[in-house]
Amino acid sequence: MEGGLGEGEIEFLRTSYREYYYRHSSSLWIPPRLESREIGFLTFEGHFKRHMRAGTPGELVGAVLREVPWGIFYSVSYYEDPGNPDMDEKGWLGADLAFDIDVKDLHPACMDAHDFYACADGSVRPLSDGALPGCRRVDWVCPSCVEAGRREVLRLLDLLQRDLGVRPDSISIYYSGHRGFHVHVEDEGLRDLGREARAQIADYVSLSSYDPAFFARLLPLSEGHLGTLVGWPARVVEALRAKYGVPPTRPALEALVGGDLRAAIDAAVAAVRVRIDPQVTVDISRIFRMPTSLNEKTGMSKLPCADIIACDPLTEAAVLSEEPVKVEVSYAPKLQLKGYTYGPYRRSTLKLPGFVAAFLVSKGVAKIVKSRGGASGP
Ligand SMILES: [Zn+2]
């Protein structure tokens, strides 16, 4: 949800969303153990309706078609009484393990080039100029953002499988529909984990409380012992080897960095740690965007990526109609969707495919131009 959208823009989005949900009513992703999940809808009026439940897939799809929500969410937790508005009375039964990778936290170089501030007076400021009152930040998405997220997901998968023994077939990966990836683990053996255990997993994955002195002590004195390291120490050693081009024994590194290993280890850890949002993993009362539903920030879908390498989110998640729509764009950086490049635009009035118009309208940078008959479009 960005900026304040006008009536015409909301009507356009609502119509596009309705058409998408009708067209996909039989192929919408349904949460496993649906009857035990809390369901939440974000309405086009900007209200969050939580604590709903659906006994059957038909009930859920019926509610989606009836209400046409702007966002659809489901709880990572299972409850005895998921519709109970009192969290303490829901009767917690367990929860999937969830990870959120937000490209914003990865700071790819492209972010400074395409994100911007849109100000109330119609002016646009680059990100590097900093925030001003009356200006809102507009987050953009480009193929480099997706690649940054994909690399982080691959590192997370490696950790989950090799270090924590999570079965590959219990892991599902999704593009969020905006600028991130979600990784869900549905494993009976992990369902019972409480907040404390989930916090430890988040801590392990992101190395958020590591001690450089501890890693320094683990560095072997001789080359022959480098191969005995496993888990994080092995990854840190590999990062040191890549950076310095020598077998990273303690004496070799001390000779290179002048005795103080701390900065070298900090840099190696920064290069290998997985940057997740720890709150998402720890907070078991959270509701999560439902796969195949549309993301209100872009009008793109939360896309299942069965093959994270082959998955092409900026093509596959652009699921809204291609029917041209006339829009007035105030400002938009270059946008790459479905293999085509749109823009950059500045104060342009033009016809764009529906999924591009929906992206720009959702970002609050385009208005629908009504034809004389009152309807939008050609
Ligand atoms: Zn980018």
# chains A, B, ... in the order shown; residues from 1 in each chain; ligands from 1

call {"tool": "residues_near_ligand", "arguments": {"ligand": "ligand 1", "cutoff": "12 Å", "atoms": "only C-alpha atoms and all ligand atoms", "output": "PyMOL selection string"}}
result
chain A and resi 103-104+106-116+139-149+178-180+314+333-336

call {"tool": "closest_atom_pairs", "arguments": {"of": "stretch 212-299 of chain A", "to": "stretch 62-78 of chain A", "cutoff": "12 Å", "atoms": "only C-alpha atoms", "output": "CSV"}}
result
residue,atom,partner,partner_atom,distance
A:Val280,CA,A:Val76,CA,9.9
A:Thr281,CA,A:Val76,CA,9.8
A:Val282,CA,A:Val76,CA,10.9
A:Asp283,CA,A:Val76,CA,9.2
A:Ile284,CA,A:Ser77,CA,6.1
A:Ser285,CA,A:Ser77,CA,6.8
A:Arg286,CA,A:Ser75,CA,6.0
A:Ile287,CA,A:Ser75,CA,4.1
A:Phe288,CA,A:Phe73,CA,5.0
A:Arg289,CA,A:Phe73,CA,4.3
A:Met290,CA,A:Phe73,CA,5.0
A:Pro291,CA,A:Phe73,CA,8.8
A:Thr292,CA,A:Ile72,CA,9.5
A:Ser293,CA,A:Ile72,CA,6.2
A:Leu294,CA,A:Gly71,CA,6.3
A:Asn295,CA,A:Gly71,CA,6.1
A:Glu296,CA,A:Trp70,CA,5.6
A:Lys297,CA,A:Gly71,CA,9.3
A:Thr298,CA,A:Trp70,CA,10.6
A:Gly299,CA,A:Trp70,CA,8.8

call {"tool": "closest_residue", "arguments": {"among": "A:Gln279, A:Gln200, A:Thr349, A:Ser170", "to": "A:Lys370", "atoms": "only C-alpha atoms"}}
result
A:Thr349

call {"tool": "residues_around", "arguments": {"residues": "A:Asp96", "least_positions_apart": "4", "cutoff": "6 Å", "atoms": "only C-alpha atoms", "output": "number ranges by chain"}}
result
A: 76, 185-186, 191

call {"tool": "atom_distance", "arguments": {"atom1": "atom CA of A:Tyr79", "atom2": "atom CA of A:Met52"}}
result
11.9 Å

call {"tool": "atom_distance", "arguments": {"atom1": "atom CA of A:Leu352", "atom2": "atom CA of A:Ala310"}}
result
27.4 Å

call {"tool": "residues_around", "arguments": {"residues": "A:Leu132", "least_positions_apart": "4", "cutoff": "9 Å", "atoms": "only C-alpha atoms", "output": "list in words"}}
result
Tyr117, Cys119 and Arg136 of chain A

call {"tool": "select_by_dssp", "arguments": {"residues": "stretch 68-141 of chain A", "states": "alpha helix (DSSP H)", "output": "compact mmCIF listing (two decimals) with C-alpha atoms, in the first residue's frame"}}
result
# COMPACT_ATOMS: atom_id res chain seq x y z
CA VAL A 103 16.01 -7.34 -0.69
CA LYS A 104 16.03 -3.99 1.11
CA ASP A 105 18.14 -5.59 3.84
CA LEU A 106 20.66 -6.78 1.22
CA CYS A 110 20.70 -1.04 -7.92
CA MET A 111 18.57 0.15 -5.00
CA ASP A 112 20.26 3.57 -4.87
CA ALA A 113 19.78 3.90 -8.62
CA HIS A 114 16.05 3.11 -8.78

call {"tool": "residues_around", "arguments": {"residues": "A:Ala271", "least_positions_apart": "5", "cutoff": "12 Å", "atoms": "only C-alpha atoms", "output": "list in words"}}
result
Leu106, Arg151, Glu152, Arg155, Ser206, Leu207, Trp232, Arg235, Val236, Val237, Glu238, Ala239, Leu240, Ala242, Lys243, Ala264, Ile265 and Asp266 of chain A

call {"tool": "write_last_selection", "arguments": {"atoms": "C-alpha atoms", "output": "PDB file, in the first residue's frame"}}
result
ATOM      1  CA  LEU A 106      20.656  -6.778   1.223  1.00  0.00           C
ATOM      2  CA  ARG A 151      21.523 -15.666  -3.981  1.00  0.00           C
ATOM      3  CA  GLU A 152      20.427 -15.196  -0.384  1.00  0.00           C
ATOM      4  CA  ARG A 155      22.566 -19.693   0.948  1.00  0.00           C
ATOM      5  CA  SER A 206      21.932 -14.811  10.321  1.00  0.00           C
ATOM      6  CA  LEU A 207      24.980 -15.159  12.627  1.00  0.00           C
ATOM      7  CA  TRP A 232      29.806 -21.751   9.868  1.00  0.00           C
ATOM      8  CA  ARG A 235      31.999 -21.080   5.406  1.00  0.00           C
ATOM      9  CA  VAL A 236      33.954 -18.265   7.035  1.00  0.00           C
ATOM     10  CA  VAL A 237      37.234 -19.975   6.134  1.00  0.00           C
ATOM     11  CA  GLU A 238      36.091 -20.299   2.514  1.00  0.00           C
ATOM     12  CA  ALA A 239      35.214 -16.585   2.414  1.00  0.00           C
ATOM     13  CA  LEU A 240      38.685 -15.749   3.807  1.00  0.00           C
ATOM     14  CA  ALA A 242      38.357 -16.310  -1.569  1.00  0.00           C
ATOM     15  CA  LYS A 243      39.312 -12.847  -0.333  1.00  0.00           C
ATOM     16  CA  ALA A 264      39.042  -9.669   8.375  1.00  0.00           C
ATOM     17  CA  ILE A 265      36.664 -12.065  10.107  1.00  0.00           C
ATOM     18  CA  ASP A 266      33.915  -9.434  10.334  1.00  0.00           C
TER      19      ASP A 266
END

call {"tool": "residues_around", "arguments": {"residues": "stretch 87-90 of chain A", "least_positions_apart": "4", "cutoff": "10 Å", "atoms": "only C-alpha atoms", "output": "MDAnalysis selection string"}}
result
chainID A and resid 36 38 51 78:83 285

call {"tool": "write_last_selection", "arguments": {"atoms": "N, CA and C atoms", "output": "PDB file, in the first residue's frame"}}
result
ATOM      1  N   SER A  36      -7.372 -25.217  10.266  1.00  0.00           N
ATOM      2  CA  SER A  36      -6.722 -24.800  11.521  1.00  0.00           C
ATOM      3  C   SER A  36      -5.995 -23.464  11.393  1.00  0.00           C
ATOM      4  N   GLU A  38      -5.643 -19.286  10.730  1.00  0.00           N
ATOM      5  CA  GLU A  38      -6.314 -17.994  10.728  1.00  0.00           C
ATOM      6  C   GLU A  38      -6.142 -17.388   9.336  1.00  0.00           C
ATOM      7  N   HIS A  51      -8.507 -12.847  11.967  1.00  0.00           N
ATOM      8  CA  HIS A  51      -9.247 -13.830  12.758  1.00  0.00           C
ATOM      9  C   HIS A  51     -10.439 -14.407  11.999  1.00  0.00           C
ATOM     10  N   TYR A  78      -1.040 -23.214  13.428  1.00  0.00           N
ATOM     11  CA  TYR A  78      -2.311 -23.948  13.412  1.00  0.00           C
ATOM     12  C   TYR A  78      -2.948 -23.758  14.781  1.00  0.00           C
ATOM     13  N   TYR A  79      -4.273 -23.616  14.778  1.00  0.00           N
ATOM     14  CA  TYR A  79      -4.984 -23.403  16.036  1.00  0.00           C
ATOM     15  C   TYR A  79      -6.205 -24.317  16.129  1.00  0.00           C
ATOM     16  N   GLU A  80      -6.625 -24.555  17.388  1.00  0.00           N
ATOM     17  CA  GLU A  80      -7.885 -25.285  17.593  1.00  0.00           C
ATOM     18  C   GLU A  80      -9.052 -24.422  17.137  1.00  0.00           C
ATOM     19  N   ASP A  81      -8.958 -23.110  17.420  1.00  0.00           N
ATOM     20  CA  ASP A  81     -10.067 -22.193  17.116  1.00  0.00           C
ATOM     21  C   ASP A  81      -9.499 -20.956  16.406  1.00  0.00           C
ATOM     22  N   PRO A  82      -9.123 -21.104  15.126  1.00  0.00           N
ATOM     23  CA  PRO A  82      -8.393 -20.022  14.446  1.00  0.00           C
ATOM     24  C   PRO A  82      -9.188 -18.739  14.286  1.00  0.00           C
ATOM     25  N   GLY A  83     -10.520 -18.837  14.370  1.00  0.00           N
ATOM     26  CA  GLY A  83     -11.350 -17.638  14.194  1.00  0.00           C
ATOM     27  C   GLY A  83     -11.494 -16.830  15.473  1.00  0.00           C
ATOM     28  N   SER A 285       2.609 -15.634  15.877  1.00  0.00           N
ATOM     29  CA  SER A 285       1.223 -15.177  15.752  1.00  0.00           C
ATOM     30  C   SER A 285       1.027 -14.372  14.475  1.00  0.00           C
TER      31      SER A 285
END

call {"tool": "residues_around", "arguments": {"residues": "stretch 316-329 of chain A", "least_positions_apart": "4", "cutoff": "6 Å", "atoms": "only C-alpha atoms", "output": "ChimeraX atom specification"}}
result
/A:300-301,303,312,347-355,365-369,377

call {"tool": "write_last_selection", "arguments": {"atoms": "N, CA and C atoms", "output": "short mmCIF file (atom, residue, chain, number, x, y, z; two decimals), in the first residue's frame"}}
result
data_model
loop_
_atom_site.label_atom_id
_atom_site.label_comp_id
_atom_site.auth_asym_id
_atom_site.auth_seq_id
_atom_site.Cartn_x
_atom_site.Cartn_y
_atom_site.Cartn_z
N MET A 300 1.49 -7.89 -8.46
CA MET A 300 2.06 -9.16 -8.91
C MET A 300 1.74 -10.25 -7.88
N SER A 301 1.85 -11.52 -8.31
CA SER A 301 1.45 -12.60 -7.41
C SER A 301 2.63 -13.06 -6.56
N LEU A 303 4.64 -15.83 -5.91
CA LEU A 303 4.85 -16.89 -6.90
C LEU A 303 5.59 -18.09 -6.33
N ASP A 312 11.58 -17.29 -12.78
CA ASP A 312 11.75 -15.96 -13.37
C ASP A 312 10.63 -15.04 -12.88
N ARG A 347 6.11 12.55 -16.25
CA ARG A 347 4.92 13.27 -16.73
C ARG A 347 4.50 12.81 -18.12
N SER A 348 4.21 11.52 -18.25
CA SER A 348 3.80 10.95 -19.54
C SER A 348 2.38 10.42 -19.45
N THR A 349 1.63 10.60 -20.52
CA THR A 349 0.31 9.98 -20.62
C THR A 349 0.39 8.98 -21.76
N LEU A 350 0.12 7.71 -21.46
CA LEU A 350 0.27 6.69 -22.48
C LEU A 350 -0.53 5.43 -22.11
N LYS A 351 -0.64 4.54 -23.11
CA LYS A 351 -1.32 3.27 -22.86
C LYS A 351 -0.30 2.21 -22.51
N LEU A 352 -0.55 1.47 -21.46
CA LEU A 352 0.38 0.41 -21.02
C LEU A 352 -0.42 -0.86 -20.74
N PRO A 353 0.24 -2.03 -20.87
CA PRO A 353 -0.45 -3.27 -20.52
C PRO A 353 -0.97 -3.20 -19.08
N GLY A 354 -2.11 -3.87 -18.83
CA GLY A 354 -2.75 -3.80 -17.51
C GLY A 354 -1.81 -4.11 -16.36
N PHE A 355 -0.93 -5.12 -16.52
CA PHE A 355 -0.06 -5.50 -15.39
C PHE A 355 0.98 -4.43 -15.09
N VAL A 365 2.36 6.11 -8.46
CA VAL A 365 3.04 7.02 -9.39
C VAL A 365 2.28 7.18 -10.71
N ALA A 366 1.10 6.56 -10.80
CA ALA A 366 0.31 6.70 -12.03
C ALA A 366 -1.18 6.80 -11.69
N LYS A 367 -1.89 7.56 -12.52
CA LYS A 367 -3.34 7.67 -12.38
C LYS A 367 -3.99 7.10 -13.63
N ILE A 368 -5.19 6.57 -13.44
CA ILE A 368 -5.94 6.06 -14.59
C ILE A 368 -6.57 7.25 -15.32
N VAL A 369 -6.44 7.28 -16.64
CA VAL A 369 -7.08 8.33 -17.44
C VAL A 369 -8.39 7.78 -17.95
N GLY A 377 -9.45 2.65 -19.95
CA GLY A 377 -9.02 1.76 -21.02
C GLY A 377 -8.99 2.45 -22.37
#

call {"tool": "select_by_dssp", "arguments": {"residues": "stretch 19-82 of chain A", "states": "strand (DSSP E)", "output": "ChimeraX atom specification"}}
result
/A:39-42,48-52,71-75,77-79

call {"tool": "write_last_selection", "arguments": {"atoms": "N, CA and C atoms", "output": "tab-separated table (two decimals), in the first residue's frame"}}
result
chain	number	residue	atom	x	y	z
A	39	ILE	N	-7.20	-16.81	8.81
A	39	ILE	CA	-7.15	-16.14	7.51
A	39	ILE	C	-7.32	-14.64	7.73
A	40	GLY	N	-6.59	-13.84	6.98
A	40	GLY	CA	-6.72	-12.38	7.09
A	40	GLY	C	-6.83	-11.75	5.71
A	41	PHE	N	-7.68	-10.74	5.58
A	41	PHE	CA	-7.81	-10.00	4.33
A	41	PHE	C	-7.43	-8.53	4.58
A	42	LEU	N	-6.66	-7.97	3.67
A	42	LEU	CA	-6.48	-6.51	3.62
A	42	LEU	C	-7.49	-6.02	2.60
A	48	PHE	N	-7.50	-4.08	7.88
A	48	PHE	CA	-7.05	-5.46	8.01
A	48	PHE	C	-8.14	-6.25	8.72
A	49	LYS	N	-8.70	-7.23	8.04
A	49	LYS	CA	-9.69	-8.11	8.68
A	49	LYS	C	-8.98	-9.39	9.08
A	50	ARG	N	-8.79	-9.59	10.37
A	50	ARG	CA	-8.08	-10.79	10.81
A	50	ARG	C	-9.05	-11.76	11.49
A	51	HIS	N	-8.51	-12.85	11.97
A	51	HIS	CA	-9.25	-13.83	12.76
A	51	HIS	C	-10.44	-14.41	12.00
A	52	MET	N	-10.26	-14.65	10.72
A	52	MET	CA	-11.29	-15.35	9.97
A	52	MET	C	-10.85	-16.81	9.84
A	71	GLY	N	-5.15	-7.80	-0.25
A	71	GLY	CA	-4.11	-8.74	0.18
A	71	GLY	C	-4.75	-9.91	0.91
A	72	ILE	N	-4.19	-11.12	0.74
A	72	ILE	CA	-4.74	-12.31	1.40
A	72	ILE	C	-3.62	-12.95	2.23
A	73	PHE	N	-3.93	-13.25	3.48
A	73	PHE	CA	-2.90	-13.74	4.40
A	73	PHE	C	-3.42	-14.98	5.15
A	74	TYR	N	-2.50	-15.82	5.61
A	74	TYR	CA	-2.88	-16.96	6.44
A	74	TYR	C	-1.83	-17.13	7.53
A	75	SER	N	-2.23	-17.72	8.64
A	75	SER	CA	-1.32	-17.84	9.76
A	75	SER	C	-0.30	-18.95	9.50
A	77	SER	N	0.80	-20.44	11.95
A	77	SER	CA	0.43	-21.34	13.05
A	77	SER	C	-0.88	-22.07	12.75
A	78	TYR	N	-1.04	-23.21	13.43
A	78	TYR	CA	-2.31	-23.95	13.41
A	78	TYR	C	-2.95	-23.76	14.78
A	79	TYR	N	-4.27	-23.62	14.78
A	79	TYR	CA	-4.98	-23.40	16.04
A	79	TYR	C	-6.20	-24.32	16.13

call {"tool": "atom_distance", "arguments": {"atom1": "atom CA of A:Gly231", "atom2": "atom CA of A:Thr249"}}
result
17.0 Å

call {"tool": "closest_residue", "arguments": {"among": "A:Gly364, A:Gly177, A:Pro247, A:Pro85", "to": "A:Pro313", "atoms": "only C-alpha atoms"}}
result
A:Gly177

call {"tool": "closest_residue", "arguments": {"among": "A:Asn84, A:Ser27, A:Thr15, A:Ser208", "to": "A:Arg53", "atoms": "only C-alpha atoms"}}
result
A:Asn84

call {"tool": "closest_residue", "arguments": {"among": "A:Pro344, A:Gly224, A:Gly122, A:Pro233", "to": "A:Tyr210", "atoms": "only C-alpha atoms"}}
result
A:Pro233
